[in-house]
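Content type PDB, C-alpha atoms, pLDDT in the B column, from the file query_15.pdb:
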```pdb
ATOM      1  CA  ARG C  10     -16.422 -10.261  -9.392  1.00 88.00           C
ATOM      2  CA  ARG C  11     -16.912  -7.163  -7.218  1.00 90.00           C
ATOM      3  CA  LEU C  12     -13.229  -6.185  -7.473  1.00 91.00           C
ATOM      4  CA  ALA C  13     -13.154  -6.638 -11.248  1.00 87.00           C
ATOM      5  CA  THR C  14     -16.241  -4.502 -11.803  1.00 88.00           C
ATOM      6  CA  LEU C  15     -15.190  -1.402  -9.880  1.00 88.00           C
ATOM      7  CA  PRO C  16     -15.772   1.795 -11.893  1.00 85.00           C
ATOM      8  CA  ALA C  17     -12.773   3.076 -13.867  1.00 79.00           C
ATOM      9  CA  ASP C  18     -12.592   6.276 -11.794  1.00 82.00           C
ATOM     10  CA  THR C  19     -12.299   4.291  -8.537  1.00 83.00           C
ATOM     11  CA  THR C  20      -8.866   3.767  -7.018  1.00 84.00           C
ATOM     12  CA  PRO C  21      -8.609  -0.006  -6.772  1.00 90.00           C
ATOM     13  CA  PRO C  22      -7.699  -1.473  -3.392  1.00 95.00           C
ATOM     14  CA  THR C  23      -4.577  -3.546  -2.931  1.00 96.00           C
ATOM     15  CA  VAL C  24      -5.410  -7.217  -3.153  1.00 97.00           C
ATOM     16  CA  LEU C  25      -3.643 -10.010  -1.291  1.00 98.00           C
ATOM     17  CA  VAL C  26      -4.216 -13.428  -2.854  1.00 98.00           C
ATOM     18  CA  THR C  27      -3.255 -16.305  -0.577  1.00 97.00           C
ATOM     19  CA  GLY C  28      -3.294 -20.049  -0.982  1.00 96.00           C
ATOM     20  CA  GLU C  29      -1.165 -23.125  -1.356  1.00 95.00           C
ATOM     21  CA  THR C  30       1.304 -23.507  -4.206  1.00 93.00           C
ATOM     22  CA  GLY C  31      -0.497 -24.426  -7.419  1.00 91.00           C
ATOM     23  CA  THR C  32      -3.957 -23.183  -6.444  1.00 93.00           C
ATOM     24  CA  GLY C  33      -4.075 -20.551  -9.194  1.00 93.00           C
ATOM     25  CA  LYS C  34      -3.124 -17.315  -7.421  1.00 97.00           C
ATOM     26  CA  GLY C  35      -1.535 -15.985 -10.607  1.00 96.00           C
ATOM     27  CA  LEU C  36      -4.666 -16.781 -12.568  1.00 96.00           C
ATOM     28  CA  VAL C  37      -6.740 -14.849 -10.020  1.00 96.00           C
ATOM     29  CA  ALA C  38      -4.425 -11.842 -10.457  1.00 97.00           C
ATOM     30  CA  ARG C  39      -4.804 -11.978 -14.250  1.00 97.00           C
ATOM     31  CA  VAL C  40      -8.588 -12.268 -13.994  1.00 96.00           C
ATOM     32  CA  LEU C  41      -8.699  -9.212 -11.709  1.00 96.00           C
ATOM     33  CA  HIS C  42      -6.692  -7.236 -14.244  1.00 96.00           C
ATOM     34  CA  TYR C  43      -8.217  -8.401 -17.537  1.00 96.00           C
ATOM     35  CA  ALA C  44     -11.816  -8.328 -16.258  1.00 95.00           C
ATOM     36  CA  GLY C  45     -11.326  -4.907 -14.672  1.00 94.00           C
ATOM     37  CA  ALA C  46     -11.199  -1.301 -15.810  1.00 93.00           C
ATOM     38  CA  ARG C  47      -7.395  -1.488 -16.362  1.00 93.00           C
ATOM     39  CA  ARG C  48      -7.611  -4.351 -18.885  1.00 94.00           C
ATOM     40  CA  ASP C  49      -6.133  -2.209 -21.704  1.00 95.00           C
ATOM     41  CA  ARG C  50      -3.168  -1.166 -19.575  1.00 95.00           C
ATOM     42  CA  PRO C  51      -0.047  -3.159 -18.688  1.00 97.00           C
ATOM     43  CA  PHE C  52      -0.142  -6.245 -16.503  1.00 98.00           C
ATOM     44  CA  ILE C  53       3.355  -6.693 -15.083  1.00 97.00           C
ATOM     45  CA  GLU C  54       4.119  -9.866 -13.160  1.00 97.00           C
ATOM     46  CA  VAL C  55       7.183 -10.203 -10.960  1.00 97.00           C
ATOM     47  CA  ASN C  56       8.224 -13.251  -8.985  1.00 97.00           C
ATOM     48  CA  CYS C  57       9.757 -11.631  -5.899  1.00 96.00           C
ATOM     49  CA  ALA C  58      11.488 -14.878  -4.930  1.00 95.00           C
ATOM     50  CA  ALA C  59      13.343 -15.074  -8.259  1.00 95.00           C
ATOM     51  CA  ILE C  60      15.056 -11.668  -8.129  1.00 94.00           C
ATOM     52  CA  PRO C  61      18.458 -11.616  -6.425  1.00 91.00           C
ATOM     53  CA  GLU C  62      18.270  -9.533  -3.239  1.00 88.00           C
ATOM     54  CA  GLN C  63      20.818  -6.976  -4.461  1.00 85.00           C
ATOM     55  CA  LEU C  64      18.726  -6.297  -7.604  1.00 89.00           C
ATOM     56  CA  VAL C  65      15.212  -6.131  -6.128  1.00 93.00           C
ATOM     57  CA  GLU C  66      15.184  -2.377  -5.530  1.00 91.00           C
ATOM     58  CA  SER C  67      16.476  -1.553  -9.003  1.00 90.00           C
ATOM     59  CA  GLU C  68      14.060  -4.010 -10.664  1.00 93.00           C
ATOM     60  CA  LEU C  69      11.003  -2.656  -8.871  1.00 95.00           C
ATOM     61  CA  PHE C  70      11.793   1.050  -8.692  1.00 94.00           C
ATOM     62  CA  GLY C  71      14.328   1.597 -11.485  1.00 87.00           C
ATOM     63  CA  HIS C  72      17.660   3.362 -11.270  1.00 81.00           C
ATOM     64  CA  GLU C  73      19.396   6.479 -12.496  1.00 80.00           C
ATOM     65  CA  ARG C  74      22.561   6.525 -14.569  1.00 77.00           C
ATOM     66  CA  GLY C  75      25.563   6.226 -12.240  1.00 67.00           C
ATOM     67  CA  ALA C  76      23.499   5.065  -9.253  1.00 64.00           C
ATOM     68  CA  PHE C  77      25.857   2.104  -8.870  1.00 74.00           C
ATOM     69  CA  THR C  78      28.937   0.738 -10.613  1.00 65.00           C
ATOM     70  CA  ASP C  79      27.260  -0.937 -13.597  1.00 74.00           C
ATOM     71  CA  ALA C  80      24.507   1.666 -14.067  1.00 67.00           C
ATOM     72  CA  LYS C  81      25.748   3.122 -17.354  1.00 75.00           C
ATOM     73  CA  THR C  82      22.220   4.241 -18.269  1.00 80.00           C
ATOM     74  CA  GLY C  83      19.050   4.946 -16.345  1.00 76.00           C
ATOM     75  CA  ARG C  84      16.352   2.311 -16.387  1.00 82.00           C
ATOM     76  CA  PRO C  85      12.701   2.480 -15.391  1.00 86.00           C
ATOM     77  CA  GLY C  86      11.508  -0.122 -12.918  1.00 91.00           C
ATOM     78  CA  LEU C  87       8.528  -2.408 -12.946  1.00 96.00           C
ATOM     79  CA  PHE C  88       6.369   0.128 -11.091  1.00 95.00           C
ATOM     80  CA  GLN C  89       6.844   2.562 -13.967  1.00 95.00           C
ATOM     81  CA  ALA C  90       6.241  -0.190 -16.533  1.00 96.00           C
ATOM     82  CA  ALA C  91       2.926  -0.967 -14.822  1.00 96.00           C
ATOM     83  CA  ASP C  92       1.808   2.663 -14.549  1.00 94.00           C
ATOM     84  CA  ARG C  93      -1.992   2.921 -14.935  1.00 93.00           C
ATOM     85  CA  GLY C  94      -2.108  -0.882 -15.006  1.00 95.00           C
ATOM     86  CA  THR C  95      -1.520  -3.702 -12.548  1.00 96.00           C
ATOM     87  CA  LEU C  96       1.653  -4.832 -10.814  1.00 97.00           C
ATOM     88  CA  PHE C  97       1.403  -8.441  -9.657  1.00 98.00           C
ATOM     89  CA  LEU C  98       3.892  -9.191  -6.876  1.00 98.00           C
ATOM     90  CA  ASP C  99       4.042 -12.972  -6.680  1.00 98.00           C
ATOM     91  CA  GLU C 100       5.701 -14.458  -3.579  1.00 97.00           C
ATOM     92  CA  VAL C 101       5.639 -11.045  -1.885  1.00 97.00           C
ATOM     93  CA  GLY C 102       6.670 -12.678   1.394  1.00 96.00           C
ATOM     94  CA  CYS C 103      10.189 -13.113  -0.024  1.00 96.00           C
ATOM     95  CA  LEU C 104      10.885  -9.369  -0.262  1.00 96.00           C
ATOM     96  CA  PRO C 105      13.704  -8.113   1.985  1.00 95.00           C
ATOM     97  CA  LEU C 106      12.610  -5.858   4.869  1.00 95.00           C
ATOM     98  CA  ALA C 107      14.420  -2.836   3.364  1.00 93.00           C
ATOM     99  CA  ILE C 108      12.393  -3.164   0.151  1.00 95.00           C
ATOM    100  CA  GLN C 109       9.189  -3.663   2.137  1.00 97.00           C
ATOM    101  CA  VAL C 110       9.618  -0.100   3.459  1.00 95.00           C
ATOM    102  CA  LYS C 111       9.803   1.307  -0.081  1.00 95.00           C
ATOM    103  CA  LEU C 112       6.845  -0.814  -1.178  1.00 96.00           C
ATOM    104  CA  LEU C 113       4.798   0.478   1.745  1.00 97.00           C
ATOM    105  CA  LYS C 114       5.615   4.074   0.758  1.00 95.00           C
ATOM    106  CA  ALA C 115       4.669   3.374  -2.862  1.00 95.00           C
ATOM    107  CA  ILE C 116       1.301   1.978  -1.792  1.00 96.00           C
ATOM    108  CA  GLU C 117       0.513   4.695   0.759  1.00 95.00           C
ATOM    109  CA  GLU C 118       1.769   7.765  -1.105  1.00 95.00           C
ATOM    110  CA  LYS C 119       1.428   6.587  -4.725  1.00 95.00           C
ATOM    111  CA  THR C 120       5.005   7.674  -5.378  1.00 94.00           C
ATOM    112  CA  ILE C 121       8.307   5.950  -6.050  1.00 93.00           C
ATOM    113  CA  ARG C 122      11.921   7.068  -6.110  1.00 90.00           C
ATOM    114  CA  THR C 123      14.421   5.383  -8.401  1.00 87.00           C
ATOM    115  CA  VAL C 124      17.743   4.161  -7.015  1.00 86.00           C
ATOM    116  CA  GLY C 125      19.982   7.217  -7.168  1.00 83.00           C
ATOM    117  CA  GLY C 126      17.023   9.507  -7.869  1.00 83.00           C
ATOM    118  CA  ARG C 127      16.436  12.778  -6.051  1.00 87.00           C
ATOM    119  CA  THR C 128      12.735  13.265  -6.627  1.00 90.00           C
ATOM    120  CA  ASP C 129       9.645  11.157  -6.201  1.00 93.00           C
ATOM    121  CA  ARG C 130       7.520  10.193  -9.199  1.00 93.00           C
ATOM    122  CA  GLN C 131       3.751   9.793  -9.109  1.00 95.00           C
ATOM    123  CA  ILE C 132       2.442   6.355 -10.024  1.00 94.00           C
ATOM    124  CA  ASP C 133      -1.015   4.962 -10.611  1.00 94.00           C
ATOM    125  CA  VAL C 134      -0.663   1.209 -10.143  1.00 95.00           C
ATOM    126  CA  GLN C 135      -3.052  -1.411  -8.876  1.00 95.00           C
ATOM    127  CA  ILE C 136      -1.112  -3.745  -6.604  1.00 97.00           C
ATOM    128  CA  VAL C 137      -2.066  -7.405  -6.494  1.00 98.00           C
ATOM    129  CA  ALA C 138       0.214  -9.471  -4.262  1.00 98.00           C
ATOM    130  CA  ALA C 139       0.252 -13.214  -3.767  1.00 98.00           C
ATOM    131  CA  THR C 140       1.882 -15.607  -1.363  1.00 97.00           C
ATOM    132  CA  ASN C 141       1.711 -19.115  -0.038  1.00 95.00           C
ATOM    133  CA  SER C 142       3.415 -17.903   3.162  1.00 95.00           C
ATOM    134  CA  HIS C 143       1.526 -16.981   6.303  1.00 96.00           C
ATOM    135  CA  LEU C 144       2.242 -13.247   6.312  1.00 96.00           C
ATOM    136  CA  ASP C 145       0.318 -12.756   9.556  1.00 95.00           C
ATOM    137  CA  GLU C 146       2.721 -15.095  11.355  1.00 96.00           C
ATOM    138  CA  MET C 147       5.708 -13.518   9.607  1.00 97.00           C
ATOM    139  CA  ALA C 148       4.517 -10.091  10.783  1.00 96.00           C
ATOM    140  CA  GLN C 149       4.343 -11.326  14.363  1.00 96.00           C
ATOM    141  CA  THR C 150       7.899 -12.697  14.203  1.00 96.00           C
ATOM    142  CA  GLY C 151       9.274  -9.569  12.514  1.00 95.00           C
ATOM    143  CA  THR C 152      10.205 -11.153   9.189  1.00 95.00           C
ATOM    144  CA  PHE C 153       7.478  -9.221   7.357  1.00 97.00           C
ATOM    145  CA  ARG C 154       6.385  -5.666   8.150  1.00 97.00           C
ATOM    146  CA  GLU C 155       3.047  -5.645   9.929  1.00 97.00           C
ATOM    147  CA  ASP C 156       2.044  -2.276   8.457  1.00 97.00           C
ATOM    148  CA  LEU C 157       2.752  -3.555   4.929  1.00 97.00           C
ATOM    149  CA  TYR C 158       0.788  -6.725   5.633  1.00 97.00           C
ATOM    150  CA  TYR C 159      -2.289  -4.672   6.538  1.00 96.00           C
ATOM    151  CA  ARG C 160      -1.807  -2.396   3.511  1.00 97.00           C
ATOM    152  CA  LEU C 161      -1.636  -5.382   1.177  1.00 97.00           C
ATOM    153  CA  ARG C 162      -4.661  -7.175   2.587  1.00 95.00           C
ATOM    154  CA  VAL C 163      -7.209  -4.411   2.024  1.00 96.00           C
ATOM    155  CA  ALA C 164      -9.040  -6.884  -0.197  1.00 96.00           C
ATOM    156  CA  PRO C 165      -7.919 -10.383   0.822  1.00 97.00           C
ATOM    157  CA  LEU C 166      -8.737 -13.323  -1.437  1.00 97.00           C
ATOM    158  CA  GLU C 167      -7.974 -16.875  -0.384  1.00 96.00           C
ATOM    159  CA  VAL C 168      -7.797 -19.494  -3.104  1.00 96.00           C
ATOM    160  CA  PRO C 169      -8.669 -22.873  -1.596  1.00 95.00           C
ATOM    161  CA  PRO C 170      -6.820 -25.988  -2.752  1.00 93.00           C
ATOM    162  CA  LEU C 171      -8.497 -28.170  -5.354  1.00 89.00           C
ATOM    163  CA  ARG C 172      -9.267 -30.875  -2.766  1.00 90.00           C
ATOM    164  CA  GLU C 173     -11.658 -28.398  -1.096  1.00 92.00           C
ATOM    165  CA  ARG C 174     -13.398 -27.240  -4.275  1.00 88.00           C
ATOM    166  CA  GLY C 175     -15.883 -30.044  -4.828  1.00 85.00           C
ATOM    167  CA  ASP C 176     -16.979 -30.415  -8.440  1.00 86.00           C
ATOM    168  CA  ASP C 177     -14.172 -28.191  -9.752  1.00 89.00           C
ATOM    169  CA  VAL C 178     -12.023 -31.323 -10.128  1.00 87.00           C
ATOM    170  CA  VAL C 179     -14.517 -32.806 -12.611  1.00 88.00           C
ATOM    171  CA  LEU C 180     -14.841 -29.512 -14.495  1.00 90.00           C
ATOM    172  CA  LEU C 181     -11.060 -29.157 -14.805  1.00 89.00           C
ATOM    173  CA  ALA C 182     -10.564 -32.796 -15.818  1.00 90.00           C
ATOM    174  CA  GLU C 183     -13.212 -32.491 -18.549  1.00 92.00           C
ATOM    175  CA  THR C 184     -11.650 -29.237 -19.779  1.00 93.00           C
ATOM    176  CA  PHE C 185      -8.167 -30.782 -19.967  1.00 93.00           C
ATOM    177  CA  LEU C 186      -9.517 -33.902 -21.685  1.00 94.00           C
ATOM    178  CA  ALA C 187     -11.347 -31.797 -24.315  1.00 93.00           C
ATOM    179  CA  GLU C 188      -8.141 -29.801 -24.959  1.00 94.00           C
ATOM    180  CA  LEU C 189      -6.095 -33.000 -25.359  1.00 94.00           C
ATOM    181  CA  VAL C 190      -8.679 -34.568 -27.686  1.00 93.00           C
ATOM    182  CA  GLN C 191      -8.569 -31.471 -29.886  1.00 93.00           C
ATOM    183  CA  ARG C 192      -4.767 -31.104 -29.778  1.00 94.00           C
ATOM    184  CA  TYR C 193      -4.120 -34.731 -30.737  1.00 94.00           C
ATOM    185  CA  ARG C 194      -7.132 -35.021 -33.063  1.00 92.00           C
ATOM    186  CA  SER C 195      -8.330 -37.986 -31.074  1.00 91.00           C
ATOM    187  CA  PRO C 196     -11.846 -39.390 -31.069  1.00 90.00           C
ATOM    188  CA  VAL C 197     -14.077 -37.777 -28.469  1.00 87.00           C
ATOM    189  CA  ARG C 198     -13.527 -39.352 -25.081  1.00 87.00           C
ATOM    190  CA  ARG C 199     -15.456 -39.136 -21.834  1.00 87.00           C
ATOM    191  CA  PHE C 200     -14.749 -39.979 -18.225  1.00 89.00           C
ATOM    192  CA  THR C 201     -16.713 -42.741 -16.577  1.00 87.00           C
ATOM    193  CA  ALA C 202     -18.492 -42.022 -13.321  1.00 83.00           C
ATOM    194  CA  ASP C 203     -15.713 -43.888 -11.512  1.00 84.00           C
TER     195      ASP C 203
END
```
Will you turn the file into structure tokens for me?
Amino acid sequence: RRLATLPADTTPPTVLVTGETGTGKGLVARVLHYAGARRDRPFIEVNCAAIPEQLVESELFGHERGAFTDAKTGRPGLFQAADRGTLFLDEVGCLPLAIQVKLLKAIEEKTIRTVGGRTDRQIDVQIVAATNSHLDEMAQTGTFREDLYYRLRVAPLEVPPLRERGDDVVLLAETFLAELVQRYRSPVRRFTAD
């Protein structure tokens, strides 16, 4: 709630959302964006694990015409698409170390450089990253940059698994049941105490 209600003129901190797979880290990222001051700006989600390693830099930072063999035209990256909005980096622990350096620079200096570009471009992007990996352990073993880890976890949020959230299970079950009853035009149904 505190992160979503920061004044519009405040530079939002980077947020690192952690938790097991399926706990709702993406939902937390969307809530932060759509409940916050940037709600009318773009929300760009990227699954870092799903982008082939050789395309990550171009996808995130864009590229100039002729930067590589198939670059017949220039293309803005996801940072530019999210300008003045939110960039949600899901599975950030999967980023290659070389890209982690560029991400760190983007966070620290609020600038990016496209692949093949000669000048830096200013960006205004709120970064929300998520992972189910233990980035602290990865930083200690050298598979994730320690300086980037600390830059990402300025505002850490851990999403506990459902088994640790008490009455949330009942609330979710009742919500899903009500949706199914409405979707299938079924008579109203209720759960028993059991």
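Excluding C:Pro85 itself and any same-chain residue fewer than 2 positions from it, the protein and nucleic acid residues within 9 Å of it, counting only C-alpha atoms, are Ser67, Glu68, Leu69, Phe70, Gly71, His72, Glu73, Gly83, Leu87, Phe88, Gln89, Ala90 and Thr123 of chain C.
Proximity of C:Thr20, C:Thr184, C:Thr95, C:Gln109 to C:Phe153, computed with only C-alpha atoms, is greatest for C:Gln109.
Of the residues under consideration (C:Thr23, C:Asn141, C:Asp18, C:Pro165), C:Thr23 shows the shortest atom-to-atom contact distance to C:Ala115 when counting all atoms listed in the file.
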Of C:Arg172, C:Lys119, C:Arg199, C:Arg47, the one sitting nearest C:Gly31 when using all atoms listed in the file is C:Arg172
Could you tell me which residues the PyMOL selection byres ((chain C and resi 159) around 12) grabs in this file, written as a compact mmCIF listing (two decimals) with C-alpha atoms, in the frame of the given file?
```txt
# COMPACT_ATOMS: atom_id res chain seq x y z
CA PRO C 22 -7.70 -1.47 -3.39
CA THR C 23 -4.58 -3.55 -2.93
CA VAL C 24 -5.41 -7.22 -3.15
CA LEU C 25 -3.64 -10.01 -1.29
CA LEU C 113 4.80 0.48 1.74
CA ILE C 116 1.30 1.98 -1.79
CA GLU C 117 0.51 4.70 0.76
CA LEU C 144 2.24 -13.25 6.31
CA ASP C 145 0.32 -12.76 9.56
CA ALA C 148 4.52 -10.09 10.78
CA PHE C 153 7.48 -9.22 7.36
CA ARG C 154 6.38 -5.67 8.15
CA GLU C 155 3.05 -5.64 9.93
CA ASP C 156 2.04 -2.28 8.46
CA LEU C 157 2.75 -3.56 4.93
CA TYR C 158 0.79 -6.72 5.63
CA ARG C 160 -1.81 -2.40 3.51
CA LEU C 161 -1.64 -5.38 1.18
CA ARG C 162 -4.66 -7.18 2.59
CA VAL C 163 -7.21 -4.41 2.02
CA ALA C 164 -9.04 -6.88 -0.20
CA PRO C 165 -7.92 -10.38 0.82
```
Spatial neighbours of C:His143, 10 Å, only C-alpha atoms, chain gap at least 6 places, as an NGL selection string = :C and (27-28 or 102 or 153)
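Distances from C:Thr140, C:Thr14, C:Gln131, C:Thr201 to C:Glu29 were compared using all atoms listed in the file, and the smallest one belongs to C:Thr140.
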Interatomic distance (Å, one decimal) between atom CA of C:Thr30 and atom CA of C:Ala138 | 14.1 Å
Given the file above and the PyMOL selection byres ((chain C and resi 51-57) around 6), which residues are selected, and can you give them as a count of residues only?
-> 13
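Picture a line from atom CA of C:Pro169 to atom CA of C:Val26; it runs 10.5 Å.
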Return as AutoDock Vina command-line options the centre and edge lengths, in Å with one decimal, of the box along x, y and z that encloses every atom of stretch 87-95 of chain C in the file, padded by 3 Å per side.
```
--center_x 3.2 --center_y -0.4 --center_z -13.8 --size_x 16.6 --size_y 12.6 --size_z 11.4
```
So which residues get picked by the PyMOL selection byres ((chain C and resi 39) around 10) here, written as a PyMOL selection string?
-> chain C and resi 33-38+40-45+48+52-54+95+97+137
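You will find atom CA of C:Lys111 at 28.2 Å from atom CA of C:Pro16.
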Neighbour residues at most 6 Å from (-4.4, 3.6, -13.7) (all atoms listed in the file) as a PyMOL selection string = chain C and resi 93-94+133-134
Regenerate stretch 60-72 of chain C at the level of N, CA, C and O atoms and dump it as a PDB file, in the frame of the given file.
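Result written to selection.pdb:
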```
ATOM      1  N   ILE C  60      14.137 -12.793  -7.907  1.00 94.00           N
ATOM      2  CA  ILE C  60      15.056 -11.668  -8.129  1.00 94.00           C
ATOM      3  C   ILE C  60      16.124 -11.690  -7.043  1.00 94.00           C
ATOM      4  O   ILE C  60      15.794 -11.715  -5.856  1.00 94.00           O
ATOM      5  N   PRO C  61      17.402 -11.669  -7.443  1.00 91.00           N
ATOM      6  CA  PRO C  61      18.458 -11.616  -6.425  1.00 91.00           C
ATOM      7  C   PRO C  61      18.274 -10.394  -5.517  1.00 91.00           C
ATOM      8  O   PRO C  61      17.888  -9.319  -5.982  1.00 91.00           O
ATOM      9  N   GLU C  62      18.535 -10.581  -4.232  1.00 88.00           N
ATOM     10  CA  GLU C  62      18.270  -9.533  -3.239  1.00 88.00           C
ATOM     11  C   GLU C  62      18.910  -8.197  -3.592  1.00 88.00           C
ATOM     12  O   GLU C  62      18.309  -7.145  -3.403  1.00 88.00           O
ATOM     13  N   GLN C  63      20.124  -8.225  -4.152  1.00 85.00           N
ATOM     14  CA  GLN C  63      20.818  -6.976  -4.461  1.00 85.00           C
ATOM     15  C   GLN C  63      20.218  -6.253  -5.670  1.00 85.00           C
ATOM     16  O   GLN C  63      20.532  -5.092  -5.910  1.00 85.00           O
ATOM     17  N   LEU C  64      19.330  -6.919  -6.425  1.00 89.00           N
ATOM     18  CA  LEU C  64      18.726  -6.297  -7.604  1.00 89.00           C
ATOM     19  C   LEU C  64      17.262  -5.915  -7.422  1.00 89.00           C
ATOM     20  O   LEU C  64      16.683  -5.272  -8.284  1.00 89.00           O
ATOM     21  N   VAL C  65      16.658  -6.330  -6.314  1.00 93.00           N
ATOM     22  CA  VAL C  65      15.212  -6.131  -6.128  1.00 93.00           C
ATOM     23  C   VAL C  65      14.833  -4.660  -6.234  1.00 93.00           C
ATOM     24  O   VAL C  65      13.898  -4.298  -6.954  1.00 93.00           O
ATOM     25  N   GLU C  66      15.538  -3.795  -5.537  1.00 91.00           N
ATOM     26  CA  GLU C  66      15.184  -2.377  -5.530  1.00 91.00           C
ATOM     27  C   GLU C  66      15.255  -1.784  -6.933  1.00 91.00           C
ATOM     28  O   GLU C  66      14.345  -1.083  -7.373  1.00 91.00           O
ATOM     29  N   SER C  67      16.318  -2.065  -7.650  1.00 90.00           N
ATOM     30  CA  SER C  67      16.476  -1.553  -9.003  1.00 90.00           C
ATOM     31  C   SER C  67      15.410  -2.101  -9.938  1.00 90.00           C
ATOM     32  O   SER C  67      14.856  -1.374 -10.767  1.00 90.00           O
ATOM     33  N   GLU C  68      15.086  -3.402  -9.815  1.00 93.00           N
ATOM     34  CA  GLU C  68      14.060  -4.010 -10.664  1.00 93.00           C
ATOM     35  C   GLU C  68      12.694  -3.375 -10.431  1.00 93.00           C
ATOM     36  O   GLU C  68      11.976  -3.070 -11.373  1.00 93.00           O
ATOM     37  N   LEU C  69      12.327  -3.190  -9.177  1.00 95.00           N
ATOM     38  CA  LEU C  69      11.003  -2.656  -8.871  1.00 95.00           C
ATOM     39  C   LEU C  69      10.891  -1.154  -9.112  1.00 95.00           C
ATOM     40  O   LEU C  69       9.898  -0.679  -9.665  1.00 95.00           O
ATOM     41  N   PHE C  70      11.903  -0.408  -8.692  1.00 94.00           N
ATOM     42  CA  PHE C  70      11.793   1.050  -8.692  1.00 94.00           C
ATOM     43  C   PHE C  70      12.625   1.743  -9.765  1.00 94.00           C
ATOM     44  O   PHE C  70      12.497   2.942  -9.967  1.00 94.00           O
ATOM     45  N   GLY C  71      13.486   1.000 -10.456  1.00 87.00           N
ATOM     46  CA  GLY C  71      14.328   1.597 -11.485  1.00 87.00           C
ATOM     47  C   GLY C  71      15.572   2.223 -10.880  1.00 87.00           C
ATOM     48  O   GLY C  71      15.740   2.275  -9.664  1.00 87.00           O
ATOM     49  N   HIS C  72      16.453   2.697 -11.753  1.00 81.00           N
ATOM     50  CA  HIS C  72      17.660   3.362 -11.270  1.00 81.00           C
ATOM     51  C   HIS C  72      18.096   4.455 -12.245  1.00 81.00           C
ATOM     52  O   HIS C  72      17.751   4.429 -13.419  1.00 81.00           O
TER      53      HIS C  72
END
```
